[in-house]
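coords.cif (mmCIF, C-alpha atoms) appears below.
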```
data_model
#
loop_
_atom_site.label_atom_id
_atom_site.label_comp_id
_atom_site.auth_asym_id
_atom_site.auth_seq_id
_atom_site.Cartn_x
_atom_site.Cartn_y
_atom_site.Cartn_z
CA MET A 1 131.53 66.78 98.37
CA THR A 2 127.88 66.20 97.53
CA THR A 3 125.55 68.72 95.96
CA THR A 4 121.80 68.83 96.37
CA ALA A 5 119.46 69.71 93.58
CA PRO A 6 117.62 73.00 94.05
CA VAL A 7 114.07 72.62 95.35
CA LYS A 8 111.52 73.97 92.96
CA GLU A 9 108.91 76.17 94.49
CA PRO A 10 105.34 75.12 93.67
CA VAL A 11 103.67 77.29 91.10
CA LEU A 12 100.09 78.29 91.75
CA VAL A 13 98.03 78.76 88.66
CA ARG A 14 94.69 80.50 88.99
CA ARG A 15 92.28 80.01 86.16
CA PRO A 16 89.47 82.52 85.65
CA GLY A 17 86.05 81.25 86.59
CA PRO A 18 82.81 81.53 84.62
CA GLY A 19 81.96 84.79 86.36
CA GLU A 20 85.15 86.37 85.06
CA LEU A 21 85.05 84.83 81.59
CA HIS A 22 81.38 85.52 80.95
CA PRO A 23 80.19 88.14 83.49
CA VAL A 24 76.99 89.12 81.67
CA ARG A 25 75.90 85.53 81.14
CA THR A 26 76.70 84.61 84.73
CA HIS A 27 74.77 87.58 86.04
CA ARG A 28 71.73 86.67 83.94
CA ARG A 29 71.80 83.08 85.17
CA ARG A 30 72.11 84.16 88.79
CA ARG A 31 69.33 86.70 88.36
CA ALA A 32 67.09 84.06 86.77
CA LEU A 33 67.78 81.73 89.68
CA GLU A 34 66.96 84.45 92.20
CA VAL A 35 63.68 85.29 90.45
CA SER A 36 62.77 81.62 90.21
CA LEU A 37 63.35 81.04 93.91
CA ALA A 38 61.50 84.23 94.86
CA THR A 39 58.50 83.04 92.82
CA ALA A 40 58.60 79.34 93.60
CA VAL A 41 58.71 79.54 97.40
CA PRO A 42 55.49 81.58 97.92
CA LEU A 43 53.78 79.71 95.09
CA LEU A 44 54.62 76.39 96.74
CA LEU A 45 53.23 77.61 100.07
CA VAL A 46 50.00 78.75 98.40
CA LEU A 47 49.61 75.37 96.65
CA LEU A 48 50.21 73.59 99.93
CA TRP A 49 47.57 75.77 101.59
CA GLN A 50 45.12 75.01 98.76
CA LEU A 51 45.79 71.28 99.08
CA ALA A 52 45.36 71.35 102.84
CA ALA A 53 41.99 73.08 102.53
CA ALA A 54 40.83 70.73 99.77
CA ARG A 55 41.85 67.60 101.69
CA GLY A 56 40.35 68.79 104.94
CA TRP A 57 43.67 69.01 106.77
CA ILE A 58 42.64 72.47 107.98
CA ASP A 59 39.22 73.93 108.66
CA ASP A 60 38.39 75.95 105.55
CA ARG A 61 35.81 77.92 107.53
CA VAL A 62 38.66 79.40 109.58
CA TYR A 63 41.38 79.24 106.92
CA PRO A 64 39.66 79.58 103.52
CA ALA A 65 41.42 78.15 100.50
CA PRO A 66 43.44 80.62 98.39
CA SER A 67 41.02 80.03 95.50
CA THR A 68 38.13 81.13 97.73
CA ILE A 69 40.02 84.22 98.87
CA LEU A 70 40.93 85.12 95.28
CA ALA A 71 37.33 84.69 94.08
CA ASP A 72 35.94 86.78 96.94
CA GLY A 73 38.54 89.49 96.38
CA TRP A 74 37.73 89.60 92.68
CA ASP A 75 34.01 89.88 93.40
CA ARG A 76 34.53 92.70 95.88
CA ALA A 77 36.89 94.53 93.53
CA THR A 78 34.59 94.31 90.52
CA ALA A 79 31.63 95.38 92.66
CA GLY A 80 33.59 98.43 93.85
CA GLU A 81 33.44 97.39 97.53
CA LEU A 82 37.18 96.94 98.02
CA TRP A 83 38.66 100.09 96.50
CA PRO A 84 37.30 102.63 99.03
CA ASP A 85 39.07 100.79 101.85
CA VAL A 86 42.28 100.47 99.82
CA TRP A 87 42.23 104.16 98.94
CA ALA A 88 41.51 105.21 102.54
CA THR A 89 44.54 103.27 103.82
CA LEU A 90 46.78 104.43 100.98
CA ARG A 91 45.77 108.06 101.44
CA ARG A 92 46.63 108.01 105.14
CA VAL A 93 49.92 106.22 104.57
CA LEU A 94 51.09 108.62 101.87
CA ALA A 95 50.15 111.75 103.84
CA GLY A 96 51.72 110.54 107.09
CA TYR A 97 54.81 109.21 105.34
CA ALA A 98 55.44 112.50 103.53
CA LEU A 99 55.09 114.55 106.72
CA GLY A 100 57.19 112.20 108.85
CA THR A 101 59.94 111.88 106.25
CA ALA A 102 60.24 115.62 105.75
CA ALA A 103 60.35 116.38 109.48
CA GLY A 104 62.73 113.53 110.26
CA TYR A 105 65.15 114.45 107.50
CA VAL A 106 65.30 118.16 108.37
CA LEU A 107 65.78 117.56 112.09
CA GLY A 108 68.21 114.69 111.52
CA LEU A 109 70.30 116.85 109.22
CA LEU A 110 70.31 119.69 111.73
CA MET A 111 71.19 117.48 114.70
CA GLY A 112 73.87 115.66 112.73
CA SER A 113 75.49 118.93 111.66
CA VAL A 114 75.21 120.97 114.86
CA PRO A 115 76.49 119.22 118.02
CA LEU A 116 74.77 121.67 120.38
CA VAL A 117 71.37 121.00 118.83
CA ARG A 118 72.04 117.27 119.09
CA ALA A 119 73.00 117.57 122.75
CA ALA A 120 69.83 119.53 123.49
CA LEU A 121 67.28 117.36 121.67
CA GLU A 122 68.67 113.83 121.51
CA PRO A 123 67.79 112.74 125.09
CA LEU A 124 64.19 113.90 124.66
CA LEU A 125 63.77 112.24 121.28
CA ASP A 126 65.38 109.03 122.54
CA ALA A 127 62.80 108.91 125.33
CA LEU A 128 59.93 109.46 122.89
CA TYR A 129 61.32 106.89 120.47
CA VAL A 130 60.87 103.99 122.89
CA VAL A 131 57.20 104.85 123.51
CA PRO A 132 54.98 102.43 121.52
CA LYS A 133 53.47 104.53 118.80
CA LEU A 134 50.01 103.00 119.15
CA ALA A 135 50.03 104.31 122.72
CA LEU A 136 50.02 107.81 121.20
CA LEU A 137 46.76 107.22 119.33
CA PRO A 138 44.57 108.43 122.25
CA VAL A 139 46.72 111.56 122.44
CA PHE A 140 46.21 112.25 118.75
CA LEU A 141 42.48 111.57 119.08
CA ASN A 142 42.32 114.23 121.78
CA MET A 143 44.33 116.62 119.62
CA PHE A 144 42.66 116.12 116.24
CA GLY A 145 39.36 114.44 117.05
CA LEU A 146 37.84 111.69 114.95
CA GLY A 147 38.67 111.50 111.25
CA GLU A 148 41.86 111.43 109.21
CA GLY A 149 43.99 113.55 111.54
CA PRO A 150 44.87 110.94 114.20
CA GLN A 151 45.67 108.28 111.59
CA VAL A 152 47.96 110.57 109.58
CA ALA A 153 49.64 111.91 112.74
CA LEU A 154 50.33 108.39 114.00
CA VAL A 155 51.98 107.37 110.73
CA ALA A 156 53.96 110.62 110.63
CA ALA A 157 55.21 110.11 114.20
CA THR A 158 56.28 106.55 113.42
CA VAL A 159 58.08 107.44 110.20
CA PHE A 160 59.70 110.49 111.77
CA PHE A 161 61.82 108.50 114.21
CA PHE A 162 63.14 106.05 111.61
CA VAL A 163 64.13 108.82 109.22
CA TRP A 164 65.51 111.05 111.99
CA ILE A 165 67.77 108.33 113.39
CA SER A 166 69.08 107.22 109.99
CA THR A 167 69.66 110.81 108.83
CA MET A 168 71.44 111.95 111.98
CA SER A 169 73.63 108.84 112.06
CA ALA A 170 74.46 109.17 108.36
CA VAL A 171 75.46 112.84 108.69
CA ILE A 172 77.62 112.14 111.75
CA ALA A 173 79.31 109.27 109.89
CA VAL A 174 80.42 111.49 106.98
CA PRO A 175 84.25 111.34 107.09
CA SER A 176 85.89 114.45 108.43
CA GLY A 177 88.18 114.46 105.40
CA HIS A 178 85.18 115.17 103.18
CA ARG A 179 84.21 118.15 105.31
CA ASP A 180 87.81 119.41 105.43
CA ALA A 181 88.04 119.21 101.65
CA GLY A 182 84.90 121.30 101.34
CA ARG A 183 86.26 123.93 103.72
CA VAL A 184 89.60 124.07 101.89
CA PHE A 185 87.78 124.85 98.65
CA GLY A 186 85.78 127.54 100.39
CA ALA A 187 82.41 125.83 100.18
CA SER A 188 79.46 127.79 101.52
CA PRO A 189 77.00 126.09 103.90
CA TRP A 190 74.68 125.31 100.99
CA GLN A 191 77.56 123.95 98.88
CA MET A 192 78.76 121.87 101.83
CA PHE A 193 75.29 120.35 102.10
CA ARG A 194 74.78 119.94 98.36
CA HIS A 195 78.17 118.50 97.42
CA VAL A 196 79.40 116.84 100.63
CA LEU A 197 76.76 115.94 103.20
CA LEU A 198 73.93 115.04 100.85
CA PRO A 199 75.81 112.60 98.56
CA ALA A 200 77.63 110.97 101.48
CA SER A 201 74.59 110.49 103.72
CA LEU A 202 71.72 109.95 101.29
CA PRO A 203 72.18 106.15 100.80
CA SER A 204 71.87 105.51 104.54
CA VAL A 205 68.97 107.94 104.80
CA LEU A 206 67.09 106.07 102.10
CA VAL A 207 67.62 102.77 103.91
CA GLY A 208 65.84 104.26 106.91
CA ALA A 209 63.12 105.65 104.66
CA ARG A 210 62.57 102.21 103.15
CA ILE A 211 62.25 100.58 106.57
CA ALA A 212 59.84 103.34 107.56
CA ALA A 213 57.68 102.59 104.50
CA GLY A 214 56.97 99.06 105.69
CA VAL A 215 56.41 100.13 109.30
CA ALA A 216 54.01 102.86 108.16
CA VAL A 217 51.71 100.25 106.60
CA LEU A 218 51.81 98.15 109.78
CA VAL A 219 50.94 101.12 111.98
CA ILE A 220 48.07 102.40 109.86
CA VAL A 221 46.44 98.97 109.71
CA ALA A 222 46.70 98.60 113.49
CA SER A 223 45.28 102.07 114.10
CA GLU A 224 42.41 101.51 111.65
CA GLN A 225 41.37 98.48 113.67
CA ILE A 226 41.01 100.72 116.74
CA ALA A 227 39.77 104.12 115.58
CA ALA A 228 38.51 104.13 111.99
CA THR A 229 35.32 103.43 110.09
CA ASP A 230 37.02 102.52 106.82
CA GLY A 231 40.36 101.29 105.52
CA LEU A 232 41.92 97.86 105.24
CA GLY A 233 42.54 97.61 108.98
CA HIS A 234 38.87 98.25 109.69
CA LEU A 235 37.91 95.75 106.98
CA ILE A 236 40.07 93.03 108.57
CA PHE A 237 38.83 93.67 112.11
CA ASP A 238 35.17 94.06 111.15
CA SER A 239 35.09 90.94 108.96
CA ARG A 240 36.71 88.90 111.74
CA ALA A 241 34.02 90.08 114.17
CA LEU A 242 31.35 88.94 111.67
CA PHE A 243 33.19 85.63 111.12
CA GLN A 244 33.73 86.47 107.44
CA ASN A 245 37.18 84.93 107.31
CA ASP A 246 37.38 84.99 103.52
CA VAL A 247 36.91 88.78 103.56
CA MET A 248 39.43 89.06 106.41
CA PHE A 249 42.07 87.28 104.31
CA VAL A 250 41.27 89.50 101.33
CA GLY A 251 42.15 92.48 103.51
CA ILE A 252 45.34 90.80 104.74
CA VAL A 253 46.45 90.05 101.18
CA CYS A 254 45.75 93.65 100.14
CA VAL A 255 47.84 94.92 103.06
CA ALA A 256 50.71 92.62 102.07
CA VAL A 257 50.58 93.76 98.45
CA LEU A 258 50.34 97.41 99.47
CA GLY A 259 53.30 97.09 101.81
CA VAL A 260 55.48 95.37 99.22
CA LEU A 261 54.63 97.87 96.49
CA PHE A 262 55.22 100.85 98.75
CA SER A 263 58.54 99.50 100.00
CA GLU A 264 59.70 98.66 96.48
CA LEU A 265 58.66 102.12 95.26
CA VAL A 266 60.86 103.71 97.93
CA ARG A 267 63.70 101.36 97.00
CA LEU A 268 63.36 102.30 93.32
CA ALA A 269 63.37 105.98 94.20
CA GLY A 270 66.52 105.40 96.23
CA ARG A 271 68.24 103.74 93.28
CA LEU A 272 67.33 106.66 91.03
CA LEU A 273 68.47 109.26 93.57
CA THR A 274 71.72 107.49 94.48
CA PRO A 275 73.13 105.81 91.35
CA TRP A 276 76.58 105.80 92.98
CA ALA A 277 75.48 103.63 95.91
CA PRO A 278 75.80 99.81 95.80
CA ARG A 279 72.52 98.08 95.11
CA ASP A 280 71.01 96.15 97.98
CA ARG A 281 70.47 92.38 98.19
CA GLY A 282 72.85 91.79 95.32
CA ARG A 283 70.39 93.04 92.76
CA GLY A 284 71.85 94.11 89.51
CA GLN A 285 75.41 93.30 90.47
CA SER A 286 77.61 91.57 87.93
#
```
Using structure tokens, write down the structure from this file.
Amino acid sequence: MTTTAPVKEPVLVRRPGPGELHPVRTHRRRRALEVSLATAVPLLLVLLWQLAAARGWIDDRVYPAPSTILADGWDRATAGELWPDVWATLRRVLAGYALGTAAGYVLGLLMGSVPLVRAALEPLLDALYVVPKLALLPVFLNMFGLGEGPQVALVAATVFFFVWISTMSAVIAVPSGHRDAGRVFGASPWQMFRHVLLPASLPSVLVGARIAAGVAVLVIVASEQIAATDGLGHLIFDSRALFQNDVMFVGIVCVAVLGVLFSELVRLAGRLLTPWAPRDRGRGQS
């Protein structure tokens, strides 16, 4: 009779990686790499643009070098010619964004909480949502006349739909167990909103608000090119008509900076209002 030796099962040994041994150091290195890449890529493109203009690869009368754009922007800023247009655009964006966000959040909360209200209003709002918002500018001009009113109303209408959709969807997506727990503890309607619906839905609402911030800048610039006598959109369109391409690019750069700052401000406000929510794009995660 022969006996066979028992077969030894392979033993898997898992060794902790650098991220587990040194989480803070790993996070700092990753964050430094992210910042370096975020800075290096646009800087490289600007240097390539500068080189192309200097070498004559592109027509610098149509595409001025970044150094020319920077010098012209500095001259206009120090002379006080740039700030009135920046302030006009910023004023319209802030006013329209505040109105659209407030209206979209209130209606989205109501429609998400009350099915009958949602059934009554959702088809109408869905139909209005697909209408290009710039197509509404003549309507607002007829309603409010020339001036700030049509610009603010157009931004408010654009922002409203983004915030309304994100708010209604976020409230509907709140788990029924959360609502049941609130009812079991005898929560009043205000307590249900304050302690259940608001914390559960606010992160998604703020995502919609952040998207709306960028779209608001796009819409106001487009509308200023059509029906405004000041603002960055008017500056871009007017300088292009006069073949002042360096001034046109100054306006484009200002719009880009304004859009980034506004979007990041909304993102920062979201982080402060929802410290329990995961941070987006991997920022600050260890």
* Spatial neighbours of range 71-80 of chain A, 6 Å, all atoms listed in the file, chain gap at least 3 places, as a PyMOL selection string -> chain A and resi 68+83+250
* Asked: With distances taken over all atoms listed in the file, which of A:Ala173, A:Val131, A:Val114, A:Ala65 is nearest to Phe161 in chain A?
  -> A:Val131
* Residue nearest Asn245 in chain A among A:Ala38, A:Ile172, A:Ala228, A:Ile69 (counting all atoms listed in the file) -> A:Ile69
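Candidate residues A:Pro16, A:Pro66, A:Val117, A:Val24 were compared for distance to Leu51 in chain A, and the nearest is A:Pro66, using all atoms listed in the file.
Each of A:Leu232, A:Ala52, A:Val139, A:Val221 was checked against Gly251 in chain A using all atoms listed in the file; the smallest atom-to-atom distance is that of A:Leu232.
Counting only C-alpha atoms, the residue from A:Ser176, A:Gln244, A:Ser113, A:Ser188 that sits nearest to Arg61 in chain A is A:Gln244.
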* To do: Run through the PyMOL selection byres ((chain A and resi 212) around 8) on the given coordinates and return the selected residues as a count of residues only.
  => 12
* Within 6 Å of Gly108 in chain A, counting only C-alpha atoms, which residues show up once you throw out same-chain ones fewer than 2 positions away? Write them as an MDAnalysis selection string, please. => chainID A and resid 104:106 110:112 164 167:168
* Close residues, Phe243 in chain A itself excluded, 12 Å, only C-alpha atoms, min 6 positions apart in chain, as a VMD selection string -> chain A and resid 61 to 64 235 to 237 249
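Of note, CA of Gly96 in chain A and CA of Leu197 in chain A are spaced 25.9 Å apart.
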* Structure fact -> Pairwise distance, CA of Phe140 in chain A with CA of Glu264 in chain A, equals 29.4 Å
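Our summary of the geometry notes that CA of Arg194 in chain A is positioned 23.7 Å from CA of Tyr97 in chain A.
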* Would you mind listing what lies within 6 Å of Gln225 in chain A as number ranges by chain, with only C-alpha atoms counted and same-chain residues fewer than 3 positions away left out? => A: 222, 233-234, 237
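Distance check against Thr229 in chain A using only C-alpha atoms: of A:Asp85, A:Val184, A:Val260, A:Met143, the minimum falls on A:Asp85.
All residues that come within 10 Å of the coordinates (53.7, 109.0, 105.5), counting all atoms listed in the file, are given as Leu90, Arg91, Arg92, Val93, Leu94, Ala95, Gly96, Tyr97, Ala98, Leu99, Gly100, Thr101, Ala102, Val152, Ala153, Leu154, Val155, Ala156, Ala157, Thr158, Val159, Phe160, Ala212, Ala213, Ala216, Val217 and Ile220 of chain A.
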* To do: Using the chain letters and residue numbers of this document, give as a list in words the residues selected by the PyMOL selection byres ((chain A and resi 174) around 10).
  => Gly112, Ser169, Ala170, Val171, Ile172, Ala173, Pro175, Ser176, Gly177, His178, Arg179, Val196, Leu197, Leu198, Pro199, Ala200 and Ser201 of chain A
Convert the current residue selection to file output with C-alpha atoms, as a JSON list (two decimals), keeping the file's coordinate frame.
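Resulting contents of result32.json:
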```json
[["chain", "number", "residue", "atom", "x", "y", "z"],
["A", 112, "GLY", "CA", 73.87, 115.66, 112.73],
["A", 169, "SER", "CA", 73.63, 108.84, 112.06],
["A", 170, "ALA", "CA", 74.46, 109.17, 108.36],
["A", 171, "VAL", "CA", 75.46, 112.84, 108.69],
["A", 172, "ILE", "CA", 77.62, 112.14, 111.75],
["A", 173, "ALA", "CA", 79.31, 109.27, 109.89],
["A", 175, "PRO", "CA", 84.25, 111.34, 107.09],
["A", 176, "SER", "CA", 85.89, 114.45, 108.43],
["A", 177, "GLY", "CA", 88.18, 114.46, 105.40],
["A", 178, "HIS", "CA", 85.18, 115.17, 103.18],
["A", 179, "ARG", "CA", 84.21, 118.15, 105.31],
["A", 196, "VAL", "CA", 79.40, 116.84, 100.63],
["A", 197, "LEU", "CA", 76.76, 115.94, 103.20],
["A", 198, "LEU", "CA", 73.93, 115.04, 100.85],
["A", 199, "PRO", "CA", 75.81, 112.60, 98.56],
["A", 200, "ALA", "CA", 77.63, 110.97, 101.48],
["A", 201, "SER", "CA", 74.59, 110.49, 103.72]]
```
